[in-house]
Amino acid sequence: MKYFNVAVPIDKFSLFTYTGKEDLKLQRGSVVRIPFRNKTIEGVVIEEGKPFKGAKEIQRKILDLPPDLFKLCLWVSSYYVCPLGLVFSFCLPPIMKKVKAFKEYTKKESTIKLNLSQNKAYKKILKAIKEERFETFLLFGVTGSGKTEIYLRLMEQVIDKGKSVLYLTPEISMIPQVIERIRDRFGIGESYNYKSSKGMRYSYWVNAINGNLKIGVGSRMSVFSPFKNLGLIIVDEEHSDSYRQEDLKPRFSGRDVAVMRGKIGNFPVILGSATPSIESFYNAETGKYKLLELPKRVKGMDLPEVKIADPGGKLFSEVMEKEIEDTLNKEKPSRVILFLNRRGYAPYGKCYNCGWVARCRDCDICLTLHKKTNTLICHHCGYRVERIEKCPVCGKEIFYLGWGTQRIEEEIEKKYSGYNIKRMDTDSTSGRHSHEEIYSKLKKGEIQILLGTQMVTKGLDLPDIGFVGVVSADTALNFPDFRATEKTFQLLSQVAGRAGRGETGKVLIQSSNPNHYAIKSASAHSYRDFYKEEIRFRESANYPPFTKLARIIIKSKEIKKAENASVKLKKTIESMVESKKITILGPVACPIGKIEKYFRFHMLLKSKNSSALQNILKKLYNKKIPGVKISLEIDPINML
């Protein structure tokens, strides 16, 4: 009888010792069934342990994790300061009895030829694949430059070598289009994301670990797919915030975990984007990543013409209305995409008599009117009440102000009643197959006007989008977040890139800040102009990529408790470190000062060395302050 230290899914940096029979053939990375606190759960064997009196017995072994996935989870636990049990429980699927066999699809012959830039990039990545060598490639190509065709060619080479491919997308809405292209080319391919049924997730997982699945497509959680023989990971739209997991532990970046998985498994990783993150482009500029450029669209197509207009307080400027009408009434009709990154009908309700504003009872934000359900909803905690018609303070009428996607939908349905209009946002795509249905209708030409939030900015590769209208470019520009300008530039560039992929396209950006460098650079299709300005700001303010960040959020249902705890916590941190190694900003109230009844304060820790930050967070991890919750995050994306 041997002893084994096992990670269990609890929020503590602790391992538990169990006994295991010889015939179980247990090893590091074995997933096992164990008794734990009056129930039976899954755990993962981490190492052999020392004899321990009273140790319970491992009931059975379920499977062995691939060695590279086991090492990856150890790294995720260490880097993102998260207990091993939580990391493993996140990457394991629901254990079920039946495994579904995946079917094959009819292949379609491809006649696409690579241009010179595509071929150059393809050959450089192929060399690393053939040599089975780790390297991170940043495939920096303008929208419509043919990145996907390069991916498909390389995937073919990897599969021919008997290895598997993992293709990551930031949004679930992109998966139907990607999986369709892959199945058309290879006749195989399956997807994995949190909206998949338990049975599908388990079948994907088991087929991957058995070697029966050669191509996996999925969102950030699929970076933990248990392929035994991975030969390539593709991270499409690598700049997207959606690769970051913020709410659940582990709080990780799917992109950065993918790069580490390539390093552990010794195979190449491709990061693809028309608007790379500042950190990734800096890594390419400084030689950490290999930069490969696709400066032009395929087939010699021009990038769309982009204009900027001030709407002057109106929803649509005269220029916007004319462009929509001209596009829809062409002799050969084209389609229209309208973008606004704000869902709902109206973002706030106000009484003009006394100034009362409809706010969430539990959060420090305004309630958004959703007209179809006639409710006011908090987009942070989900609190909802029926629409308020009269002011609860003075009894006067409440006016609902501003624009959300639902309100724009109502307006364009009046103006363009003869056209098929579809809204694509979180509210309209809550069903499991909603994304597939919208994509299918778009492909068939059944939707003439597509309206949506950032879901419409990524991945839609349709040849007849004649006009893209950005209703407001200013929505996120003034957020109190050092990445606000970068996010604005990326959104504008990405949505503009949906136009003119099969014919001449036009783009109109409505903004009251037309001279801001993010808007000017996006309208000129110039990433390098934007990068030049942004990297200068980042260096002067000592923000990433020139430093590493950690964020600590302190929250309590009593504002004084939260404030006092944050001050005490800062003193604790100061006593742990040398002032030269770590800079502490704050504590101050978070920009959104209250969420779900909790008052929030935060601190930012800056250091050149990520291990210095990790050591601090590890020491603070189990710190308890009565009535206070503390959350810790390395490389935070959201500063709100």
# chains A, B, ... in the order shown; residues from 1 in each chain; ligands from 1

call {"tool": "select_by_dssp", "arguments": {"residues": "segment 184-406 of chain A", "states": "helix (DSSP H, G or I)", "output": "JSON, numbers by chain"}}
result
{"A": [184, 185, 186, 198, 199, 200, 201, 202, 203, 204, 205, 206, 207, 208, 209, 210, 220, 221, 222, 223, 224, 241, 242, 243, 254, 255, 256, 257, 258, 259, 260, 261, 262, 263, 264, 265, 278, 279, 280, 281, 282, 283, 284, 285, 298, 299, 300, 318, 319, 320, 321, 322, 323, 324, 325, 326, 327, 328, 405, 406]}

call {"tool": "select_by_dssp", "arguments": {"residues": "segment 389-547 of chain A", "states": "strand (DSSP E or B)", "output": "PyMOL selection string"}}
result
chain A and resi 390+397-401+421-424+449-452+465-470+506-510

call {"tool": "residues_around", "arguments": {"residues": "segment 114-126 of chain A", "least_positions_apart": "6", "cutoff": "8 Å", "atoms": "only C-alpha atoms", "output": "PyMOL selection string"}}
result
chain A and resi 137+139+146-147+149-150+153-154+157+268+292-295+298

call {"tool": "residues_around", "arguments": {"residues": "segment 587-601 of chain A", "least_positions_apart": "4", "cutoff": "6 Å", "atoms": "only C-alpha atoms", "output": "NGL selection string"}}
result
:A and (362-364 or 381 or 553-557 or 559 or 640)

call {"tool": "residues_around", "arguments": {"residues": "segment 214-224 of chain A", "least_positions_apart": "4", "cutoff": "6 Å", "atoms": "only C-alpha atoms", "output": "ChimeraX atom specification"}}
result
/A:91,164-170,189-193,243,254

call {"tool": "atom_distance", "arguments": {"atom1": "atom CA of Asn564 of chain A", "atom2": "atom CA of Arg359 of chain A"}}
result
25.9 Å

call {"tool": "residues_around", "arguments": {"residues": "Pro83 of chain A", "least_positions_apart": "3", "cutoff": "12 Å", "atoms": "only C-alpha atoms", "output": "CSV table (one decimal) with all heavy atoms, in the first residue's frame"}}
result
chain,number,residue,atom,x,y,z
A,6,VAL,N,-3.1,14.2,-2.7
A,6,VAL,CA,-4.2,14.4,-3.7
A,6,VAL,C,-4.7,15.9,-3.6
A,6,VAL,O,-5.0,16.3,-2.5
A,6,VAL,CB,-5.3,13.4,-3.5
A,6,VAL,CG1,-6.5,13.7,-4.5
A,6,VAL,CG2,-4.8,12.0,-3.7
A,7,ALA,N,-4.9,16.5,-4.7
A,7,ALA,CA,-5.5,17.8,-4.8
A,7,ALA,C,-7.0,17.6,-4.9
A,7,ALA,O,-7.5,16.9,-5.7
A,7,ALA,CB,-5.0,18.6,-6.0
A,8,VAL,N,-7.8,18.3,-4.0
A,8,VAL,CA,-9.2,18.2,-4.0
A,8,VAL,C,-9.8,19.6,-4.3
A,8,VAL,O,-9.1,20.7,-4.0
A,8,VAL,CB,-9.8,17.7,-2.7
A,8,VAL,CG1,-9.3,16.3,-2.5
A,8,VAL,CG2,-9.5,18.6,-1.5
A,9,PRO,N,-11.0,19.7,-4.9
A,9,PRO,CA,-11.5,21.0,-5.3
A,9,PRO,C,-12.0,21.9,-4.1
A,9,PRO,O,-13.2,22.1,-4.0
A,9,PRO,CB,-12.7,20.6,-6.2
A,9,PRO,CG,-13.1,19.3,-5.8
A,9,PRO,CD,-11.9,18.6,-5.3
A,10,ILE,N,-11.1,22.4,-3.3
A,10,ILE,CA,-11.5,23.4,-2.3
A,10,ILE,C,-10.5,24.6,-2.4
A,10,ILE,O,-9.5,24.5,-3.0
A,10,ILE,CB,-11.4,22.8,-0.9
A,10,ILE,CG1,-9.9,22.3,-0.6
A,10,ILE,CG2,-12.4,21.6,-0.7
A,10,ILE,CD1,-9.7,21.9,0.9
A,11,ASP,N,-10.9,25.7,-1.9
A,11,ASP,CA,-10.2,26.9,-2.1
A,11,ASP,C,-9.1,27.1,-1.0
A,11,ASP,O,-9.1,28.1,-0.3
A,11,ASP,CB,-11.2,28.1,-2.0
A,11,ASP,CG,-10.6,29.4,-2.6
A,11,ASP,OD1,-9.5,29.3,-3.2
A,11,ASP,OD2,-11.3,30.4,-2.5
A,12,LYS,N,-8.2,26.1,-0.9
A,12,LYS,CA,-7.1,26.2,0.0
A,12,LYS,C,-5.9,25.6,-0.6
A,12,LYS,O,-6.0,24.6,-1.4
A,12,LYS,CB,-7.4,25.5,1.3
A,12,LYS,CG,-8.4,26.2,2.2
A,12,LYS,CD,-8.6,25.5,3.5
A,12,LYS,CE,-9.6,26.2,4.4
A,12,LYS,NZ,-9.8,25.5,5.7
A,13,PHE,N,-4.7,26.1,-0.3
A,13,PHE,CA,-3.4,25.6,-0.8
A,13,PHE,C,-3.1,24.4,0.1
A,13,PHE,O,-2.1,24.4,0.9
A,13,PHE,CB,-2.3,26.6,-0.8
A,13,PHE,CG,-2.4,27.6,-1.9
A,13,PHE,CD1,-3.1,28.8,-1.8
A,13,PHE,CD2,-1.8,27.2,-3.1
A,13,PHE,CE1,-3.2,29.6,-2.9
A,13,PHE,CE2,-1.9,28.1,-4.2
A,13,PHE,CZ,-2.6,29.3,-4.1
A,14,SER,N,-3.9,23.3,0.0
A,14,SER,CA,-3.6,22.1,0.8
A,14,SER,C,-3.8,20.9,0.0
A,14,SER,O,-4.6,20.8,-0.9
A,14,SER,CB,-4.7,22.0,2.0
A,14,SER,OG,-4.6,23.2,2.8
A,15,LEU,N,-3.0,19.8,0.3
A,15,LEU,CA,-3.1,18.5,-0.3
A,15,LEU,C,-3.5,17.6,0.8
A,15,LEU,O,-3.2,17.8,1.9
A,15,LEU,CB,-1.8,18.1,-1.0
A,15,LEU,CG,-1.3,19.0,-2.1
A,15,LEU,CD1,0.1,18.4,-2.6
A,15,LEU,CD2,-2.2,19.1,-3.3
A,73,CYS,N,-1.3,22.6,-15.5
A,73,CYS,CA,-2.1,22.9,-14.4
A,73,CYS,C,-1.3,23.4,-13.2
A,73,CYS,O,-1.7,24.3,-12.4
A,73,CYS,CB,-3.0,21.8,-14.0
A,73,CYS,SG,-4.3,21.5,-15.2
A,74,LEU,N,-0.1,22.7,-13.0
A,74,LEU,CA,0.8,23.1,-11.9
A,74,LEU,C,1.3,24.6,-12.1
A,74,LEU,O,1.3,25.4,-11.2
A,74,LEU,CB,2.0,22.2,-11.9
A,74,LEU,CG,1.8,20.7,-11.5
A,74,LEU,CD1,3.1,20.0,-11.4
A,74,LEU,CD2,1.0,20.5,-10.2
A,75,TRP,N,1.6,24.9,-13.4
A,75,TRP,CA,2.0,26.2,-13.7
A,75,TRP,C,0.9,27.2,-13.5
A,75,TRP,O,1.1,28.3,-12.9
A,75,TRP,CB,2.5,26.3,-15.2
A,75,TRP,CG,2.9,27.7,-15.5
A,75,TRP,CD1,4.1,28.3,-15.3
A,75,TRP,CD2,2.1,28.7,-16.2
A,75,TRP,NE1,4.1,29.6,-15.8
A,75,TRP,CE2,2.9,29.9,-16.3
A,75,TRP,CE3,0.8,28.7,-16.7
A,75,TRP,CZ2,2.4,31.0,-16.9
A,75,TRP,CZ3,0.3,29.9,-17.3
A,75,TRP,CH2,1.1,31.0,-17.4
A,76,VAL,N,-0.3,26.9,-13.9
A,76,VAL,CA,-1.5,27.8,-13.8
A,76,VAL,C,-1.7,28.1,-12.3
A,76,VAL,O,-1.9,29.2,-11.8
A,76,VAL,CB,-2.7,27.2,-14.4
A,76,VAL,CG1,-4.0,28.0,-14.0
A,76,VAL,CG2,-2.6,27.3,-15.9
A,77,SER,N,-1.6,27.1,-11.5
A,77,SER,CA,-1.8,27.2,-10.0
A,77,SER,C,-0.7,28.2,-9.4
A,77,SER,O,-1.0,29.1,-8.6
A,77,SER,CB,-1.7,25.9,-9.3
A,77,SER,OG,-1.6,26.0,-7.9
A,78,SER,N,0.5,28.0,-9.9
A,78,SER,CA,1.6,28.8,-9.4
A,78,SER,C,1.5,30.3,-9.9
A,78,SER,O,1.6,31.2,-9.1
A,78,SER,CB,2.9,28.2,-9.7
A,78,SER,OG,4.0,29.0,-9.4
A,79,TYR,N,1.4,30.4,-11.2
A,79,TYR,CA,1.4,31.8,-11.8
A,79,TYR,C,0.2,32.6,-11.4
A,79,TYR,O,0.4,33.8,-11.0
A,79,TYR,CB,1.5,31.7,-13.3
A,79,TYR,CG,1.7,33.0,-14.0
A,79,TYR,CD1,3.0,33.5,-14.1
A,79,TYR,CD2,0.6,33.8,-14.4
A,79,TYR,CE1,3.2,34.8,-14.7
A,79,TYR,CE2,0.8,35.0,-14.9
A,79,TYR,CZ,2.1,35.5,-15.1
A,79,TYR,OH,2.3,36.8,-15.6
A,80,TYR,N,-1.0,32.0,-11.4
A,80,TYR,CA,-2.2,32.8,-11.1
A,80,TYR,C,-2.6,32.7,-9.7
A,80,TYR,O,-3.7,33.2,-9.3
A,80,TYR,CB,-3.3,32.3,-12.1
A,80,TYR,CG,-3.1,32.7,-13.5
A,80,TYR,CD1,-2.7,31.8,-14.4
A,80,TYR,CD2,-3.2,34.0,-13.9
A,80,TYR,CE1,-2.4,32.1,-15.8
A,80,TYR,CE2,-2.9,34.4,-15.2
A,80,TYR,CZ,-2.5,33.4,-16.1
A,80,TYR,OH,-2.3,33.8,-17.4
A,86,LEU,N,-8.7,23.6,-7.3
A,86,LEU,CA,-9.6,24.4,-8.1
A,86,LEU,C,-9.2,24.4,-9.6
A,86,LEU,O,-10.1,24.4,-10.5
A,86,LEU,CB,-9.6,25.9,-7.6
A,86,LEU,CG,-10.3,26.1,-6.2
A,86,LEU,CD1,-10.4,27.6,-5.9
A,86,LEU,CD2,-11.7,25.5,-6.1
A,87,VAL,N,-7.9,24.5,-9.9
A,87,VAL,CA,-7.4,24.4,-11.2
A,87,VAL,C,-7.8,23.1,-11.9
A,87,VAL,O,-8.4,23.1,-13.0
A,87,VAL,CB,-5.9,24.6,-11.3
A,87,VAL,CG1,-5.4,24.5,-12.8
A,87,VAL,CG2,-5.5,26.0,-10.8
A,88,PHE,N,-7.6,22.0,-11.3
A,88,PHE,CA,-7.9,20.7,-11.8
A,88,PHE,C,-9.4,20.6,-12.0
A,88,PHE,O,-9.9,20.0,-13.0
A,88,PHE,CB,-7.3,19.6,-11.0
A,88,PHE,CG,-5.9,19.4,-11.3
A,88,PHE,CD1,-4.9,19.6,-10.2
A,88,PHE,CD2,-5.4,18.9,-12.5
A,88,PHE,CE1,-3.6,19.4,-10.4
A,88,PHE,CE2,-4.0,18.8,-12.7
A,88,PHE,CZ,-3.1,19.0,-11.7
A,89,SER,N,-10.2,21.0,-11.0
A,89,SER,CA,-11.6,20.9,-11.1
A,89,SER,C,-12.2,21.7,-12.2
A,89,SER,O,-13.2,21.3,-12.8
A,89,SER,CB,-12.3,21.3,-9.8
A,89,SER,OG,-12.2,22.7,-9.5
A,90,PHE,N,-11.6,22.8,-12.6
A,90,PHE,CA,-12.0,23.6,-13.7
A,90,PHE,C,-11.8,22.9,-15.0
A,90,PHE,O,-12.6,23.0,-15.9
A,90,PHE,CB,-11.3,25.0,-13.7
A,90,PHE,CG,-11.7,25.8,-14.8
A,90,PHE,CD1,-12.9,26.6,-14.8
A,90,PHE,CD2,-10.9,25.9,-15.9
A,90,PHE,CE1,-13.2,27.3,-15.9
A,90,PHE,CE2,-11.2,26.7,-17.0
A,90,PHE,CZ,-12.4,27.4,-17.0
A,249,LYS,N,-12.5,31.2,-10.3
A,249,LYS,CA,-11.1,30.8,-10.2
A,249,LYS,C,-10.9,29.5,-10.9
A,249,LYS,O,-11.8,28.7,-11.0
A,249,LYS,CB,-10.8,30.6,-8.7
A,249,LYS,CG,-10.8,31.8,-7.8
A,249,LYS,CD,-10.6,31.5,-6.4
A,249,LYS,CE,-10.7,32.7,-5.5
A,249,LYS,NZ,-10.4,32.5,-4.1
A,250,PRO,N,-9.8,29.4,-11.6
A,250,PRO,CA,-8.6,30.3,-11.7
A,250,PRO,C,-8.9,31.5,-12.6
A,250,PRO,O,-9.5,31.3,-13.6
A,250,PRO,CB,-7.5,29.4,-12.2
A,250,PRO,CG,-8.3,28.4,-13.1
A,250,PRO,CD,-9.5,28.1,-12.3
A,251,ARG,N,-8.4,32.6,-12.2
A,251,ARG,CA,-8.5,33.8,-13.0
A,251,ARG,C,-7.3,33.9,-14.0
A,251,ARG,O,-6.3,34.4,-13.6
A,251,ARG,CB,-8.6,35.1,-12.1
A,251,ARG,CG,-9.8,35.1,-11.2
A,251,ARG,CD,-9.8,36.4,-10.3
A,251,ARG,NE,-11.0,36.4,-9.5
A,251,ARG,CZ,-11.1,36.1,-8.2
A,251,ARG,NH1,-10.0,35.7,-7.6
A,251,ARG,NH2,-12.2,36.1,-7.6
A,618,LYS,N,0.3,35.0,-2.5
A,618,LYS,CA,0.2,33.7,-1.9
A,618,LYS,C,0.1,33.9,-0.3
A,618,LYS,O,-0.6,33.2,0.3
A,618,LYS,CB,1.5,32.9,-2.3
A,618,LYS,CG,1.5,31.5,-1.8
A,618,LYS,CD,0.8,30.6,-2.7
A,618,LYS,CE,0.8,29.1,-2.2
A,618,LYS,NZ,2.0,28.4,-2.6
A,621,TYR,N,-3.4,35.0,0.6
A,621,TYR,CA,-4.5,34.2,0.0
A,621,TYR,C,-5.5,33.8,1.1
A,621,TYR,O,-6.7,33.9,0.9
A,621,TYR,CB,-3.9,33.0,-0.7
A,621,TYR,CG,-5.0,32.4,-1.6
A,621,TYR,CD1,-5.1,32.8,-2.9
A,621,TYR,CD2,-5.9,31.4,-1.1
A,621,TYR,CE1,-6.1,32.3,-3.8
A,621,TYR,CE2,-6.8,30.9,-2.0
A,621,TYR,CZ,-6.9,31.3,-3.3
A,621,TYR,OH,-7.9,30.8,-4.1
A,622,ASN,N,-5.0,33.3,2.2
A,622,ASN,CA,-5.9,32.8,3.2
A,622,ASN,C,-6.1,33.8,4.4
A,622,ASN,O,-6.6,33.5,5.4
A,622,ASN,CB,-5.4,31.5,3.8
A,622,ASN,CG,-5.4,30.4,2.8
A,622,ASN,OD1,-6.4,30.3,2.0
A,622,ASN,ND2,-4.4,29.6,2.7

call {"tool": "residues_around", "arguments": {"residues": "segment 382-399 of chain A", "least_positions_apart": "5", "cutoff": "12 Å", "atoms": "only C-alpha atoms", "output": "number ranges by chain"}}
result
A: 345-363, 365-377, 595-597

call {"tool": "closest_residue", "arguments": {"among": "A:Leu69, A:Leu617, A:Met1, A:Ile159", "to": "Lys228 of chain A", "atoms": "only C-alpha atoms"}}
result
A:Leu69

call {"tool": "closest_atom_pairs", "arguments": {"of": "segment 281-380 of chain A", "to": "segment 521-542 of chain A", "cutoff": "8 Å", "atoms": "only C-alpha atoms", "output": "JSON lines"}}
result
{"residue": "A:Leu303", "atom": "CA", "partner": "A:His525", "partner_atom": "CA", "distance": 7.9}
{"residue": "A:Val306", "atom": "CA", "partner": "A:Ser523", "partner_atom": "CA", "distance": 5.2}
{"residue": "A:Lys307", "atom": "CA", "partner": "A:Ser523", "partner_atom": "CA", "distance": 6.7}
{"residue": "A:Ile308", "atom": "CA", "partner": "A:Ser523", "partner_atom": "CA", "distance": 7.4}

call {"tool": "write_last_selection", "arguments": {"atoms": "all heavy atoms", "output": "compact mmCIF listing (two decimals), in the first residue's frame"}}
result
# COMPACT_ATOMS: atom_id res chain seq x y z
N LEU A 303 -9.01 47.99 -48.32
CA LEU A 303 -9.68 48.17 -47.03
C LEU A 303 -10.80 49.18 -47.21
O LEU A 303 -10.71 50.08 -48.07
CB LEU A 303 -8.68 48.65 -45.98
CG LEU A 303 -7.68 47.58 -45.50
CD1 LEU A 303 -6.50 48.25 -44.82
CD2 LEU A 303 -8.35 46.59 -44.57
N VAL A 306 -13.22 54.78 -44.57
CA VAL A 306 -13.75 55.10 -43.24
C VAL A 306 -13.90 56.61 -43.09
O VAL A 306 -12.97 57.37 -43.32
CB VAL A 306 -12.83 54.56 -42.12
CG1 VAL A 306 -13.43 54.87 -40.74
CG2 VAL A 306 -12.62 53.06 -42.27
N LYS A 307 -15.10 57.02 -42.69
CA LYS A 307 -15.35 58.43 -42.40
C LYS A 307 -15.75 58.59 -40.94
O LYS A 307 -16.23 57.65 -40.31
CB LYS A 307 -16.47 58.96 -43.30
CG LYS A 307 -16.11 59.01 -44.78
CD LYS A 307 -17.28 59.55 -45.60
CE LYS A 307 -16.92 59.61 -47.09
NZ LYS A 307 -18.08 60.07 -47.90
N ILE A 308 -15.56 59.81 -40.41
CA ILE A 308 -15.96 60.12 -39.04
C ILE A 308 -17.00 61.24 -39.09
O ILE A 308 -16.85 62.19 -39.85
CB ILE A 308 -14.75 60.58 -38.19
CG1 ILE A 308 -13.63 59.52 -38.25
CG2 ILE A 308 -15.16 60.82 -36.75
CD1 ILE A 308 -12.33 59.98 -37.62

call {"tool": "atom_distance", "arguments": {"atom1": "atom CA of Asp184 of chain A", "atom2": "atom CA of Lys443 of chain A"}}
result
14.8 Å
